[in-house]
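The structure file structure04.txt is reproduced below (compact mmCIF, N, CA and C atoms).
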# COMPACT_ATOMS: atom_id res chain seq x y z
N MET F 1 115.29 181.30 76.27
CA MET F 1 115.73 180.73 77.51
C MET F 1 115.96 179.23 77.30
N LYS F 2 117.02 178.75 77.85
CA LYS F 2 117.37 177.34 77.68
C LYS F 2 116.75 176.49 78.78
N ALA F 3 116.52 175.23 78.46
CA ALA F 3 115.91 174.31 79.42
C ALA F 3 116.80 174.13 80.65
N VAL F 4 118.10 174.20 80.48
CA VAL F 4 119.03 174.06 81.60
C VAL F 4 118.80 175.19 82.60
N GLU F 5 118.59 176.40 82.11
CA GLU F 5 118.32 177.54 82.99
C GLU F 5 117.00 177.33 83.73
N LEU F 6 116.02 176.80 83.04
CA LEU F 6 114.71 176.58 83.65
C LEU F 6 114.77 175.52 84.73
N ARG F 7 115.58 174.50 84.53
CA ARG F 7 115.67 173.41 85.52
C ARG F 7 116.33 173.88 86.81
N ASP F 8 117.08 174.99 86.74
CA ASP F 8 117.70 175.55 87.94
C ASP F 8 116.71 176.38 88.76
N MET F 9 115.55 176.68 88.20
CA MET F 9 114.55 177.49 88.90
C MET F 9 113.67 176.60 89.78
N SER F 10 113.08 177.24 90.80
CA SER F 10 112.15 176.51 91.66
C SER F 10 110.80 176.40 90.94
N ASP F 11 109.92 175.58 91.49
CA ASP F 11 108.59 175.41 90.90
C ASP F 11 107.83 176.74 90.88
N GLU F 12 107.94 177.48 91.97
CA GLU F 12 107.23 178.76 92.07
C GLU F 12 107.76 179.75 91.03
N GLU F 13 109.08 179.80 90.86
CA GLU F 13 109.67 180.69 89.85
C GLU F 13 109.21 180.30 88.45
N LEU F 14 109.11 179.00 88.21
CA LEU F 14 108.65 178.53 86.90
C LEU F 14 107.20 178.92 86.65
N ARG F 15 106.37 178.82 87.67
CA ARG F 15 104.97 179.21 87.50
C ARG F 15 104.84 180.70 87.25
N GLN F 16 105.68 181.50 87.93
CA GLN F 16 105.68 182.94 87.69
C GLN F 16 106.14 183.25 86.28
N LYS F 17 107.15 182.55 85.83
CA LYS F 17 107.67 182.74 84.47
C LYS F 17 106.60 182.37 83.45
N GLU F 18 105.87 181.29 83.72
CA GLU F 18 104.80 180.85 82.83
C GLU F 18 103.73 181.94 82.71
N GLU F 19 103.32 182.52 83.82
CA GLU F 19 102.30 183.58 83.80
C GLU F 19 102.82 184.81 83.07
N GLU F 20 104.06 185.15 83.30
CA GLU F 20 104.68 186.30 82.64
C GLU F 20 104.69 186.13 81.12
N ILE F 21 105.07 184.95 80.67
CA ILE F 21 105.12 184.67 79.24
C ILE F 21 103.71 184.68 78.64
N LYS F 22 102.74 184.11 79.38
CA LYS F 22 101.37 184.09 78.88
C LYS F 22 100.83 185.50 78.69
N LYS F 23 101.13 186.39 79.64
CA LYS F 23 100.66 187.79 79.53
C LYS F 23 101.30 188.47 78.33
N GLU F 24 102.59 188.25 78.14
CA GLU F 24 103.28 188.87 77.01
C GLU F 24 102.76 188.32 75.69
N LEU F 25 102.49 187.02 75.64
CA LEU F 25 101.94 186.41 74.42
C LEU F 25 100.56 186.97 74.10
N LEU F 26 99.75 187.19 75.12
CA LEU F 26 98.42 187.75 74.91
C LEU F 26 98.52 189.14 74.28
N ALA F 27 99.40 189.96 74.82
CA ALA F 27 99.59 191.30 74.27
C ALA F 27 100.09 191.23 72.83
N MET F 28 101.01 190.33 72.58
CA MET F 28 101.57 190.20 71.23
C MET F 28 100.54 189.64 70.25
N ARG F 29 99.62 188.80 70.76
CA ARG F 29 98.58 188.25 69.91
C ARG F 29 97.67 189.36 69.37
N PHE F 30 97.39 190.35 70.21
CA PHE F 30 96.60 191.49 69.77
C PHE F 30 97.34 192.29 68.72
N HIS F 31 98.62 192.52 68.94
CA HIS F 31 99.44 193.23 67.95
C HIS F 31 99.46 192.48 66.62
N LYS F 32 99.57 191.17 66.72
CA LYS F 32 99.60 190.34 65.51
C LYS F 32 98.27 190.44 64.76
N ALA F 33 97.17 190.45 65.49
CA ALA F 33 95.85 190.51 64.87
C ALA F 33 95.65 191.82 64.11
N PHE F 34 96.25 192.89 64.62
CA PHE F 34 96.10 194.20 63.97
C PHE F 34 97.24 194.52 63.03
N GLY F 35 98.11 193.57 62.80
CA GLY F 35 99.20 193.76 61.85
C GLY F 35 100.31 194.66 62.34
N ARG F 36 100.44 194.78 63.66
CA ARG F 36 101.46 195.66 64.23
C ARG F 36 102.57 194.89 64.95
N LEU F 37 102.71 193.64 64.65
CA LEU F 37 103.72 192.82 65.31
C LEU F 37 105.10 193.21 64.80
N ASP F 38 105.94 193.70 65.70
CA ASP F 38 107.26 194.18 65.31
C ASP F 38 108.22 193.04 65.02
N SER F 39 108.15 192.00 65.83
CA SER F 39 109.11 190.92 65.69
C SER F 39 108.43 189.56 65.75
N PRO F 40 108.13 188.99 64.60
CA PRO F 40 107.53 187.65 64.60
C PRO F 40 108.45 186.61 65.25
N ALA F 41 109.75 186.81 65.16
CA ALA F 41 110.69 185.87 65.76
C ALA F 41 110.56 185.88 67.29
N HIS F 42 110.34 187.05 67.87
CA HIS F 42 110.18 187.14 69.32
C HIS F 42 108.91 186.41 69.75
N TYR F 43 107.84 186.57 68.99
CA TYR F 43 106.58 185.89 69.26
C TYR F 43 106.79 184.37 69.24
N ARG F 44 107.47 183.89 68.22
CA ARG F 44 107.75 182.46 68.07
C ARG F 44 108.62 181.96 69.23
N ASN F 45 109.62 182.75 69.61
CA ASN F 45 110.51 182.35 70.71
C ASN F 45 109.76 182.30 72.05
N LEU F 46 108.83 183.23 72.24
CA LEU F 46 108.03 183.20 73.47
C LEU F 46 107.19 181.93 73.54
N LYS F 47 106.61 181.53 72.43
CA LYS F 47 105.82 180.31 72.40
C LYS F 47 106.70 179.11 72.74
N ARG F 48 107.89 179.11 72.25
CA ARG F 48 108.81 178.00 72.54
C ARG F 48 109.24 178.02 74.00
N ASP F 49 109.49 179.22 74.54
CA ASP F 49 109.86 179.33 75.95
C ASP F 49 108.73 178.82 76.84
N LEU F 50 107.50 179.17 76.49
CA LEU F 50 106.35 178.69 77.26
C LEU F 50 106.29 177.17 77.24
N ALA F 51 106.53 176.59 76.09
CA ALA F 51 106.52 175.13 75.97
C ALA F 51 107.63 174.52 76.83
N ARG F 52 108.79 175.15 76.86
CA ARG F 52 109.89 174.64 77.68
C ARG F 52 109.54 174.69 79.16
N VAL F 53 108.94 175.81 79.60
CA VAL F 53 108.56 175.95 81.00
C VAL F 53 107.55 174.86 81.36
N LYS F 54 106.55 174.66 80.51
CA LYS F 54 105.54 173.66 80.77
C LYS F 54 106.14 172.26 80.79
N THR F 55 107.10 172.01 79.94
CA THR F 55 107.76 170.70 79.90
C THR F 55 108.51 170.43 81.19
N VAL F 56 109.25 171.41 81.68
CA VAL F 56 110.01 171.23 82.92
C VAL F 56 109.07 171.01 84.09
N LEU F 57 107.98 171.78 84.14
CA LEU F 57 107.00 171.60 85.21
C LEU F 57 106.38 170.19 85.16
N ARG F 58 106.07 169.74 83.96
CA ARG F 58 105.48 168.41 83.80
C ARG F 58 106.47 167.32 84.19
N GLU F 59 107.73 167.49 83.82
CA GLU F 59 108.75 166.51 84.19
C GLU F 59 108.83 166.38 85.71
N ARG F 60 108.80 167.51 86.39
CA ARG F 60 108.87 167.49 87.85
C ARG F 60 107.63 166.84 88.45
N GLU F 61 106.49 167.14 87.86
CA GLU F 61 105.23 166.55 88.32
C GLU F 61 105.28 165.03 88.20
N LEU F 62 105.76 164.54 87.06
CA LEU F 62 105.84 163.11 86.85
C LEU F 62 106.87 162.46 87.77
N LYS F 63 107.97 163.16 87.99
CA LYS F 63 109.00 162.64 88.86
C LYS F 63 108.48 162.48 90.29
N LYS F 64 107.69 163.48 90.74
CA LYS F 64 107.11 163.39 92.09
C LYS F 64 106.11 162.24 92.16
N ALA F 65 105.32 162.09 91.11
CA ALA F 65 104.31 161.01 91.09
C ALA F 65 104.99 159.64 91.10
N MET F 66 106.07 159.50 90.38
CA MET F 66 106.80 158.23 90.36
C MET F 66 107.45 157.96 91.71
N GLY F 67 107.92 158.98 92.36
CA GLY F 67 108.56 158.83 93.66
C GLY F 67 107.56 158.49 94.74
N ASP F 68 106.35 159.04 94.65
CA ASP F 68 105.32 158.79 95.66
C ASP F 68 104.66 157.43 95.47
N GLY F 69 104.60 156.94 94.26
CA GLY F 69 103.89 155.69 93.99
C GLY F 69 104.79 154.48 93.91
N ASP F 70 105.96 154.52 94.54
CA ASP F 70 106.88 153.39 94.42
C ASP F 70 106.61 152.26 95.41
N GLY F 71 105.59 152.43 96.27
CA GLY F 71 105.22 151.36 97.17
C GLY F 71 106.05 151.28 98.44
N SER F 72 106.91 152.23 98.71
CA SER F 72 107.75 152.22 99.91
C SER F 72 107.03 152.75 101.11
Hey, can you dump this file as structure tokens for me?
Amino acid sequence: MKAVELRDMSDEELRQKEEEIKKELLAMRFHKAFGRLDSPAHYRNLKRDLARVKTVLRERELKKAMGDGDGS
């Protein structure tokens, strides 16, 4: 998933996506531990997608904080 697609989502959709990815990563982590991981590339891409989601959420958080603390 691209960051541009993520930026078009609402905060709630991003949080849902984050939870969805975390659940899938947990399941894949078990498969990896038992040597049954079918696609290491998919596992790696999920980790990157999670990082992108967290980055977009953090950007929005910082933007709100900067907007609220401008002294107006």
Separating CA of Arg44 (chain F) from atom N of Glu61 (chain F), to the nearest tenth of an Å, is a gap of 25.1 Å
Counting only C-alpha atoms, the residue among F:Ala33, F:Met66, F:Ile21, F:Ala27 that lies closest to Leu46 (chain F) is F:Ile21
**Item:** Residues within 10 Å of Lys17 (chain F), only C-alpha atoms, excluding chain neighbours under 6 positions, as a list in words
**Value:** Leu6, Met9, Asp11, Lys23, Asp49, Leu50 and Val53 of chain F
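A straight line drawn from atom N of Lys54 (chain F) to atom N of Leu37 (chain F) is 25.0 Å long.
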Taken to one decimal, the CA of Asn45 (chain F)-CA of Arg60 (chain F) distance is 22.7 Å
Point to revise | Expected answer as an MDAnalysis selection string: alpha helix (DSSP H) residues in chain F | key: chainID F and resid 3:7 11:33 40:68
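Proximity ranking of F:Glu12, F:Arg7, F:Lys32, F:Asp38 relative to Glu59 (chain F) places F:Arg7 first, based on only C-alpha atoms.
At a cut-off of 6 Å from (106.3, 190.8, 72.5), the residue set is F:Glu24, F:Met28, F:His42, F:Tyr43 (counting all atoms listed in the file).
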Centre and edges of the region 20-23 of chain F box, axis-aligned, 4 Å extra per side, as lines of an AutoDock Vina configuration file:
center_x = 102.9
center_y = 186.3
center_z = 80.8
size_x = 12.5
size_y = 12.4
size_z = 13.0
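Here the question is which of F:Ala51, F:Ala41, F:Glu5, F:Ser10 gets nearest to Lys22 (chain F) using only C-alpha atoms, and that residue is F:Ala51.
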